[in-house]
>>> print(open('work25.cif').read())   # mmCIF, C-alpha atoms (C1' of nucleotides)
data_entry
#
loop_
_atom_site.label_atom_id
_atom_site.label_comp_id
_atom_site.auth_asym_id
_atom_site.auth_seq_id
_atom_site.Cartn_x
_atom_site.Cartn_y
_atom_site.Cartn_z
CA MET J 183 11.98 -16.81 1.71
CA LYS J 184 13.13 -13.44 3.00
CA LYS J 185 10.46 -11.43 4.70
CA PRO J 186 9.10 -9.12 2.01
CA ASN J 187 9.32 -5.39 2.51
CA PRO J 188 6.03 -3.64 3.02
CA PRO J 189 4.50 -2.18 -0.13
CA PHE J 190 5.23 1.40 -1.10
CA MET J 191 2.15 3.08 0.15
CA THR J 192 1.33 1.18 3.27
CA GLY J 193 2.11 2.60 6.64
CA VAL J 194 0.12 5.77 6.09
CA PRO J 195 -2.23 5.10 8.99
CA GLU J 196 0.74 4.36 11.22
CA LEU J 197 2.49 7.50 10.02
CA LEU J 198 -0.49 9.71 10.77
CA VAL J 199 -1.16 8.23 14.18
CA LEU J 200 2.47 8.62 15.16
CA ARG J 201 2.53 12.18 13.92
CA LEU J 202 -0.44 13.04 16.09
CA LEU J 203 1.04 11.39 19.13
CA ALA J 204 4.28 13.26 18.59
CA GLU J 205 2.29 16.38 19.33
CA ARG J 206 0.69 15.16 22.56
CA GLU J 207 -0.75 12.06 24.11
CA MET J 208 -4.13 11.08 22.77
CA TYR J 209 -6.69 8.31 23.07
CA GLY J 210 -8.00 6.16 20.25
CA TYR J 211 -11.37 7.66 19.70
CA GLU J 212 -9.79 11.09 19.69
CA ILE J 213 -7.23 10.03 17.11
CA VAL J 214 -9.95 8.86 14.77
CA ARG J 215 -11.59 12.27 14.85
CA ALA J 216 -8.33 14.19 14.70
CA ILE J 217 -7.21 12.50 11.49
CA ARG J 218 -10.51 13.21 9.84
CA LEU J 219 -10.33 16.82 10.94
CA ALA J 220 -6.70 17.47 10.10
CA SER J 221 -7.00 15.87 6.67
CA ARG J 222 -10.30 17.64 6.00
CA ASP J 223 -11.98 14.29 5.42
CA ALA J 224 -9.41 13.27 2.81
CA ILE J 225 -8.43 10.40 5.07
CA VAL J 226 -10.93 8.65 7.27
CA LEU J 227 -9.59 5.85 9.42
CA ALA J 228 -12.34 3.82 11.02
CA GLU J 229 -12.01 2.65 14.60
CA GLY J 230 -11.49 -0.86 13.32
CA VAL J 231 -8.32 0.37 11.72
CA VAL J 232 -7.02 2.58 14.49
CA TYR J 233 -7.51 0.38 17.53
CA PRO J 234 -5.73 -2.70 16.19
CA LEU J 235 -2.97 -0.43 14.95
CA LEU J 236 -2.53 1.12 18.39
CA HIS J 237 -2.40 -2.32 19.98
CA ALA J 238 0.18 -3.52 17.47
CA MET J 239 2.35 -0.47 17.98
CA GLU J 240 2.16 -0.84 21.72
CA ALA J 241 3.17 -4.49 21.42
CA LYS J 242 6.19 -3.40 19.40
CA GLY J 243 7.23 -0.86 22.03
CA ILE J 244 6.52 2.07 19.75
CA LEU J 245 3.84 3.40 22.04
CA THR J 246 3.08 3.27 25.72
CA ALA J 247 -0.50 3.09 26.95
CA LYS J 248 -2.03 4.44 30.11
CA GLU J 249 -5.65 3.99 31.06
CA ARG J 250 -7.26 6.94 32.71
CA LYS J 251 -10.72 8.00 33.81
CA VAL J 252 -11.73 11.38 32.41
CA GLU J 253 -15.19 12.92 32.78
CA GLY J 254 -16.58 9.63 33.90
CA ARG J 255 -15.16 7.79 30.89
CA ASN J 256 -12.41 5.29 30.58
CA ARG J 257 -9.87 6.28 28.02
CA VAL J 258 -6.62 4.68 26.94
CA TYR J 259 -4.04 7.36 26.35
CA TYR J 260 -1.09 6.61 24.14
CA ARG J 261 2.21 8.35 23.92
CA LEU J 262 5.34 7.93 21.82
CA SER J 263 8.33 6.05 23.12
CA ALA J 264 11.84 6.89 21.96
CA LYS J 265 11.51 3.99 19.58
CA GLY J 266 8.29 5.50 18.36
CA GLN J 267 9.96 8.80 17.61
CA LYS J 268 12.57 6.98 15.55
CA ARG J 269 9.87 5.04 13.78
CA LEU J 270 8.07 8.27 12.97
CA ASP J 271 11.21 9.82 11.54
CA ALA J 272 11.77 6.75 9.38
CA LEU J 273 8.20 6.77 8.11
CA ILE J 274 8.35 10.46 7.29
CA GLY J 275 11.53 9.87 5.32
CA GLU J 276 9.94 6.94 3.51
CA TRP J 277 6.89 8.95 2.70
CA GLU J 278 8.88 11.84 1.32
CA ARG J 279 11.02 9.55 -0.78
CA VAL J 280 8.03 7.79 -2.30
CA GLN J 281 6.04 10.98 -2.64
CA GLU J 282 8.85 12.63 -4.56
CA GLY J 283 9.38 9.51 -6.63
CA VAL J 284 5.76 9.41 -7.65
CA HIS J 285 5.81 13.11 -8.37
CA SER J 286 8.82 12.70 -10.64
CA VAL J 287 7.18 9.94 -12.63
CA LEU J 288 3.90 11.80 -12.94
CA GLU J 289 5.58 15.00 -14.07
CA ASN J 290 8.35 13.60 -16.18
CA PRO J 291 7.55 9.99 -17.01
CA THR J 292 10.12 9.54 -19.74
CA HIS J 293 13.11 11.16 -18.16
CA GLY J 294 16.29 9.58 -19.42
CA SER J 295 14.49 7.13 -21.63
CA VAL J 296 12.56 7.83 -24.86
CA MET D 147 -19.26 -8.74 3.85
CA LYS D 148 -18.82 -5.92 1.36
CA LYS D 149 -15.64 -6.06 -0.63
CA PRO D 150 -13.18 -3.86 1.24
CA ASN D 151 -11.67 -0.91 -0.53
CA PRO D 152 -7.98 -1.15 -1.19
CA PRO D 153 -5.79 0.55 1.40
CA PHE D 154 -4.84 4.18 0.98
CA MET D 155 -1.46 3.83 -0.47
CA THR D 156 -1.82 0.86 -2.72
CA GLY D 157 -2.18 1.34 -6.41
CA VAL D 158 1.05 3.25 -6.78
CA PRO D 159 2.58 0.69 -9.16
CA GLU D 160 -0.57 0.74 -11.22
CA LEU D 161 -0.60 4.53 -11.24
CA LEU D 162 2.98 4.77 -12.42
CA VAL D 163 2.63 2.14 -15.11
CA LEU D 164 -0.50 3.81 -16.45
CA ARG D 165 1.18 7.20 -16.40
CA LEU D 166 4.04 5.87 -18.51
CA LEU D 167 1.72 4.20 -20.97
CA ALA D 168 -0.27 7.42 -21.32
CA GLU D 169 2.87 8.87 -22.86
CA ARG D 170 3.46 6.10 -25.39
CA GLU D 171 3.20 2.36 -25.75
CA MET D 172 5.89 0.44 -23.90
CA TYR D 173 6.85 -3.13 -23.09
CA GLY D 174 7.25 -4.61 -19.64
CA TYR D 175 10.98 -4.72 -19.31
CA GLU D 176 11.15 -1.15 -20.53
CA ILE D 177 8.60 -0.04 -17.96
CA VAL D 178 10.67 -1.53 -15.16
CA ARG D 179 13.68 0.54 -16.20
CA ALA D 180 11.67 3.67 -16.92
CA ILE D 181 10.17 3.80 -13.44
CA ARG D 182 13.57 3.38 -11.86
CA LEU D 183 14.95 6.13 -14.05
CA ALA D 184 12.11 8.59 -13.76
CA SER D 185 11.91 8.21 -9.99
CA ARG D 186 15.69 8.37 -9.63
CA ASP D 187 15.71 5.00 -7.91
CA ALA D 188 13.17 6.16 -5.33
CA ILE D 189 10.82 3.51 -6.63
CA VAL D 190 12.04 0.20 -7.94
CA LEU D 191 9.41 -2.19 -9.18
CA ALA D 192 10.79 -5.64 -9.83
CA GLU D 193 9.70 -7.59 -12.86
CA GLY D 194 7.74 -9.89 -10.60
CA VAL D 195 5.60 -6.90 -9.71
CA VAL D 196 5.23 -5.34 -13.12
CA TYR D 197 4.42 -8.35 -15.27
CA PRO D 198 1.53 -9.68 -13.17
CA LEU D 199 0.22 -6.15 -12.92
CA LEU D 200 0.26 -5.76 -16.69
CA HIS D 201 -1.56 -9.06 -17.11
CA ALA D 202 -4.18 -8.08 -14.57
CA MET D 203 -4.74 -4.72 -16.20
CA GLU D 204 -5.03 -6.29 -19.61
CA ALA D 205 -7.56 -8.76 -18.25
CA LYS D 206 -9.59 -5.84 -16.92
CA GLY D 207 -9.56 -4.11 -20.28
CA ILE D 208 -7.42 -1.27 -19.03
CA LEU D 209 -4.61 -2.11 -21.41
CA THR D 210 -4.29 -3.72 -24.77
CA ALA D 211 -1.31 -5.90 -25.59
CA LYS D 212 0.41 -6.48 -28.88
CA GLU D 213 3.35 -8.81 -29.33
CA ARG D 214 6.00 -7.62 -31.71
CA LYS D 215 9.47 -8.66 -32.78
CA VAL D 216 12.02 -5.86 -32.48
CA GLU D 217 15.74 -6.25 -33.01
CA GLY D 218 15.40 -9.98 -32.95
CA ARG D 219 13.54 -9.92 -29.62
CA ASN D 220 9.95 -10.65 -28.76
CA ARG D 221 8.37 -7.84 -26.85
CA VAL D 222 4.85 -7.36 -25.59
CA TYR D 223 3.83 -3.78 -26.11
CA TYR D 224 1.04 -2.34 -24.01
CA ARG D 225 -1.07 0.69 -24.63
CA LEU D 226 -3.88 2.43 -22.76
CA SER D 227 -7.50 1.81 -23.62
CA ALA D 228 -10.12 4.49 -23.08
CA LYS D 229 -10.96 2.69 -19.88
CA GLY D 230 -7.31 2.87 -18.94
CA GLN D 231 -7.26 6.61 -19.41
CA LYS D 232 -10.22 6.94 -17.09
CA ARG D 233 -8.58 4.66 -14.57
CA LEU D 234 -5.44 6.77 -14.71
CA ASP D 235 -7.40 9.95 -14.11
CA ALA D 236 -9.11 8.35 -11.13
CA LEU D 237 -5.82 7.14 -9.65
CA ILE D 238 -4.21 10.53 -10.06
CA GLY D 239 -7.15 12.11 -8.29
CA GLU D 240 -6.92 9.54 -5.51
CA TRP D 241 -3.23 10.10 -5.15
CA GLU D 242 -3.58 13.84 -4.92
CA ARG D 243 -6.34 13.58 -2.40
CA VAL D 244 -4.34 11.26 -0.16
CA GLN D 245 -1.13 13.13 -0.69
CA GLU D 246 -2.69 16.39 0.36
CA GLY D 247 -4.41 14.71 3.28
CA VAL D 248 -1.16 13.30 4.56
CA HIS D 249 0.53 16.62 4.05
CA SER D 250 -2.14 18.39 6.08
CA VAL D 251 -1.80 15.99 8.98
CA LEU D 252 1.98 16.14 8.95
CA GLU D 253 2.04 19.92 8.85
CA ASN D 254 -0.89 20.69 11.07
CA PRO D 255 -1.76 17.59 13.06
CA THR D 256 -4.02 19.26 15.59
CA HIS D 257 -6.04 21.47 13.32
CA GLY D 258 -9.49 22.00 14.75
CA SER D 259 -8.85 19.92 17.81
CA VAL D 260 -6.81 20.78 20.93
"C1'" DG V 82 32.99 -21.18 -29.63
"C1'" DT V 83 31.67 -20.90 -25.27
"C1'" DT V 84 30.65 -18.33 -21.33
"C1'" DC V 85 28.58 -14.47 -19.34
"C1'" DG V 86 25.67 -10.47 -18.73
"C1'" DA V 87 21.80 -8.05 -20.49
"C1'" DT V 88 17.38 -8.45 -22.48
"C1'" DA V 89 12.61 -10.12 -22.10
"C1'" DC V 90 9.15 -12.78 -20.67
"C1'" DA V 91 6.65 -15.57 -16.97
"C1'" DT V 92 4.49 -17.84 -12.52
"C1'" DA V 93 4.36 -19.53 -7.57
"C1'" DC V 94 4.22 -18.40 -3.03
"C1'" DA V 95 3.55 -15.79 0.87
"C1'" DG V 96 2.83 -11.95 4.11
"C1'" DC V 97 0.69 -8.39 5.88
"C1'" DC V 98 -2.02 -4.09 5.87
"C1'" DA V 99 -6.22 -2.28 6.35
"C1'" DA V 100 -11.26 -2.31 5.22
"C1'" DT V 101 -15.72 -4.02 6.69
"C1'" DA V 102 -18.65 -5.61 10.00
"C1'" DG V 103 -19.93 -6.46 13.86
"C1'" DG V 104 -19.95 -6.27 19.32
"C1'" DT V 105 -19.97 -4.16 24.43
"C1'" DA V 106 -20.73 -0.48 27.74
"C1'" DT V 107 -21.52 4.14 29.67
"C1'" DA V 108 -22.86 9.16 29.65
"C1'" DA V 109 -25.70 12.69 27.96
"C1'" DT V 110 -29.66 14.25 25.69
"C1'" DA V 111 -34.26 14.48 23.96
"C1'" DT G 119 -37.04 6.09 28.29
"C1'" DA G 120 -35.03 5.81 23.94
"C1'" DT G 121 -31.59 7.49 21.17
"C1'" DT G 122 -27.17 9.58 20.18
"C1'" DA G 123 -22.38 10.25 21.17
"C1'" DT G 124 -18.56 8.52 23.43
"C1'" DA G 125 -15.14 4.88 23.94
"C1'" DC G 126 -13.38 0.64 23.59
"C1'" DC G 127 -12.74 -4.03 21.20
"C1'" DT G 128 -12.12 -8.33 17.84
"C1'" DA G 129 -12.91 -11.46 13.78
"C1'" DT G 130 -12.63 -12.04 9.09
"C1'" DT G 131 -11.32 -11.22 4.66
"C1'" DG G 132 -9.11 -9.77 0.59
"C1'" DG G 133 -5.91 -7.97 -2.34
"C1'" DC G 134 -1.57 -5.77 -3.25
"C1'" DT G 135 3.02 -6.37 -3.66
"C1'" DG G 136 7.42 -8.43 -2.37
"C1'" DT G 137 10.73 -12.30 -3.11
"C1'" DA G 138 12.23 -16.15 -5.52
"C1'" DT G 139 12.80 -18.66 -9.44
"C1'" DG G 140 12.53 -20.31 -14.17
"C1'" DT G 141 12.89 -19.99 -19.30
"C1'" DA G 142 14.97 -18.30 -23.65
"C1'" DT G 143 17.59 -15.35 -26.81
"C1'" DC G 144 21.01 -11.88 -28.11
"C1'" DG G 145 25.54 -9.77 -28.06
"C1'" DA G 146 30.01 -9.31 -26.38
"C1'" DA G 147 34.05 -10.93 -24.49
"C1'" DC G 148 37.60 -14.25 -23.96
#
>>> encode(input="work25.cif", output="structure tokens")
Amino acid sequence: MKKPNPPFMTGVPELLVLRLLAEREMYGYEIVRAIRLASRDAIVLAEGVVYPLLHAMEAKGILTAKERKVEGRNRVYYRLSAKGQKRLDALIGEWERVQEGVHSVLENPTHGSV
Amino acid sequence: MKKPNPPFMTGVPELLVLRLLAEREMYGYEIVRAIRLASRDAIVLAEGVVYPLLHAMEAKGILTAKERKVEGRNRVYYRLSAKGQKRLDALIGEWERVQEGVHSVLENPTHGSV
DNA sequence: GTTCGATACATACAGCCAATAGGTATAATA
DNA sequence: TATTATACCTATTGGCTGTATGTATCGAAC
């Protein structure tokens, strides 16, 4: 059986994390807060979501990780690879396609039919 | 362990099907085509997605089903129950919340931080 | 009159995302 | 000294949704 495509709406956490890291390198705990802030609490990704995601993306070569000691604390900073930038572009395109598709159906559900 | 909430982006097929049925009663095969049409091929739900979804929603009391013979063909027509209308409203709200949240992060990823 | 595509329904199987629930350790604060 | 915030981590689970496949009938084409 062919590997199924991911569902329509998945990949949002990945999209958001990549978008943040496109801005500047960040560490996991910081990403968790930043998403909550930037989305005004509309989207809250728990650490249990973000950390495994970061690890998976690093394993895929989408991100590179660098441990660093800052203010007496160990942090793992992530940054986008070239592959990650491409992945981000693809996810943004996907998102826009789906978002517009949903919008069309919501606004004009019986276009062409009836 | 508490039952986990569904992921952010799931529920799109359900949302779209409910939105169509809020307009008028429809049958499964028709719904498949209508979503493709209304979304201009942005979203293509195969029959293997739509039919089980309709069954599940009927089982939950969100839809009511009525078999009917039209033009020599057996069709199962679905229509929204009151519960279904509420469910639709909730999903639309969810969608808008997430959609705006994603938009905010994409447009202004480092709001409040930096 | 048979073959083919479109219509119309259905289920089995599988994969993977992400949500919850924990757990460790250190710094700062009260 | 106890608690809160920081900062990382993994295990487990569950459900959505994708693919594949099967059945049957109608109409059109050949």
>>> atom_distance(input="work25.cif", atom1="C1' of DC98 (chain V)", atom2="CA of Thr192 (chain J)")
6.8 Å
>>> atom_distance(input="work25.cif", atom1="CA of Gly194 (chain D)", atom2="CA of Pro291 (chain J)")
20.9 Å
>>> interface_residues(input="work25.cif", of="chain V", to="chain D", cutoff="8 Å", atoms="all atoms listed in the file", output="mmCIF file with C-alpha atoms (C1' of nucleotides), keeping the file's coordinate frame")
data_model
loop_
_atom_site.group_PDB
_atom_site.id
_atom_site.type_symbol
_atom_site.label_atom_id
_atom_site.label_comp_id
_atom_site.auth_asym_id
_atom_site.auth_seq_id
_atom_site.Cartn_x
_atom_site.Cartn_y
_atom_site.Cartn_z
ATOM 1 C "C1'" DA V 89 12.610 -10.120 -22.100
ATOM 2 C "C1'" DC V 90 9.150 -12.780 -20.670
ATOM 3 C "C1'" DA V 91 6.650 -15.570 -16.970
ATOM 4 C "C1'" DC V 98 -2.020 -4.090 5.870
ATOM 5 C "C1'" DA V 99 -6.220 -2.280 6.350
ATOM 6 C "C1'" DA V 100 -11.260 -2.310 5.220
ATOM 7 C "C1'" DT V 101 -15.720 -4.020 6.690
ATOM 8 C "C1'" DA V 102 -18.650 -5.610 10.000
#
>>> resolve_selection(input="work25.cif", expression="the PyMOL selection byres ((chain G) within 10 of (chain D))", output="PyMOL selection string")
chain G and resi 130-138+143-144
>>> resolve_selection(input="work25.cif", expression="the PyMOL selection byres ((chain D) within 6 of (chain J))", output="list in words")
Met155, Thr156, Leu166, Ala184, Ser185, Ala188, Gly247, Ser250, Val251, Pro255 and His257 of chain D
>>> residues_around(input="work25.cif", residues="DG104 (chain V)", least_positions_apart="2", cutoff="12 Å", atoms="only C-alpha atoms (C1' of nucleotides)", output="ChimeraX atom specification")
/J:230 /V:102,106 /G:126-129
>>> atom_distance(input="work25.cif", atom1="CA of Ala228 (chain D)", atom2="CA of Arg214 (chain D)")
21.9 Å
>>> resolve_selection(input="work25.cif", expression="the PyMOL selection byres ((chain G and resi 123) around 10)", output="list in words")
DA108, DA109 and DT110 of chain V; DT121, DT122, DT124 and DA125 of chain G
>>> residues_around(input="work25.cif", residues="DG86 (chain V)", least_positions_apart="2", cutoff="12 Å", atoms="only C-alpha atoms (C1' of nucleotides)", output="PDB file with C-alpha atoms (C1' of nucleotides), in the frame of the given file")
ATOM      1  C1'  DT V  84      30.650 -18.330 -21.330  1.00  0.00           C
ATOM      2  C1'  DT V  88      17.380  -8.450 -22.480  1.00  0.00           C
TER       3       DT V  88
ATOM      4  C1'  DC G 144      21.010 -11.880 -28.110  1.00  0.00           C
ATOM      5  C1'  DG G 145      25.540  -9.770 -28.060  1.00  0.00           C
ATOM      6  C1'  DA G 146      30.010  -9.310 -26.380  1.00  0.00           C
ATOM      7  C1'  DA G 147      34.050 -10.930 -24.490  1.00  0.00           C
TER       8       DA G 147
END
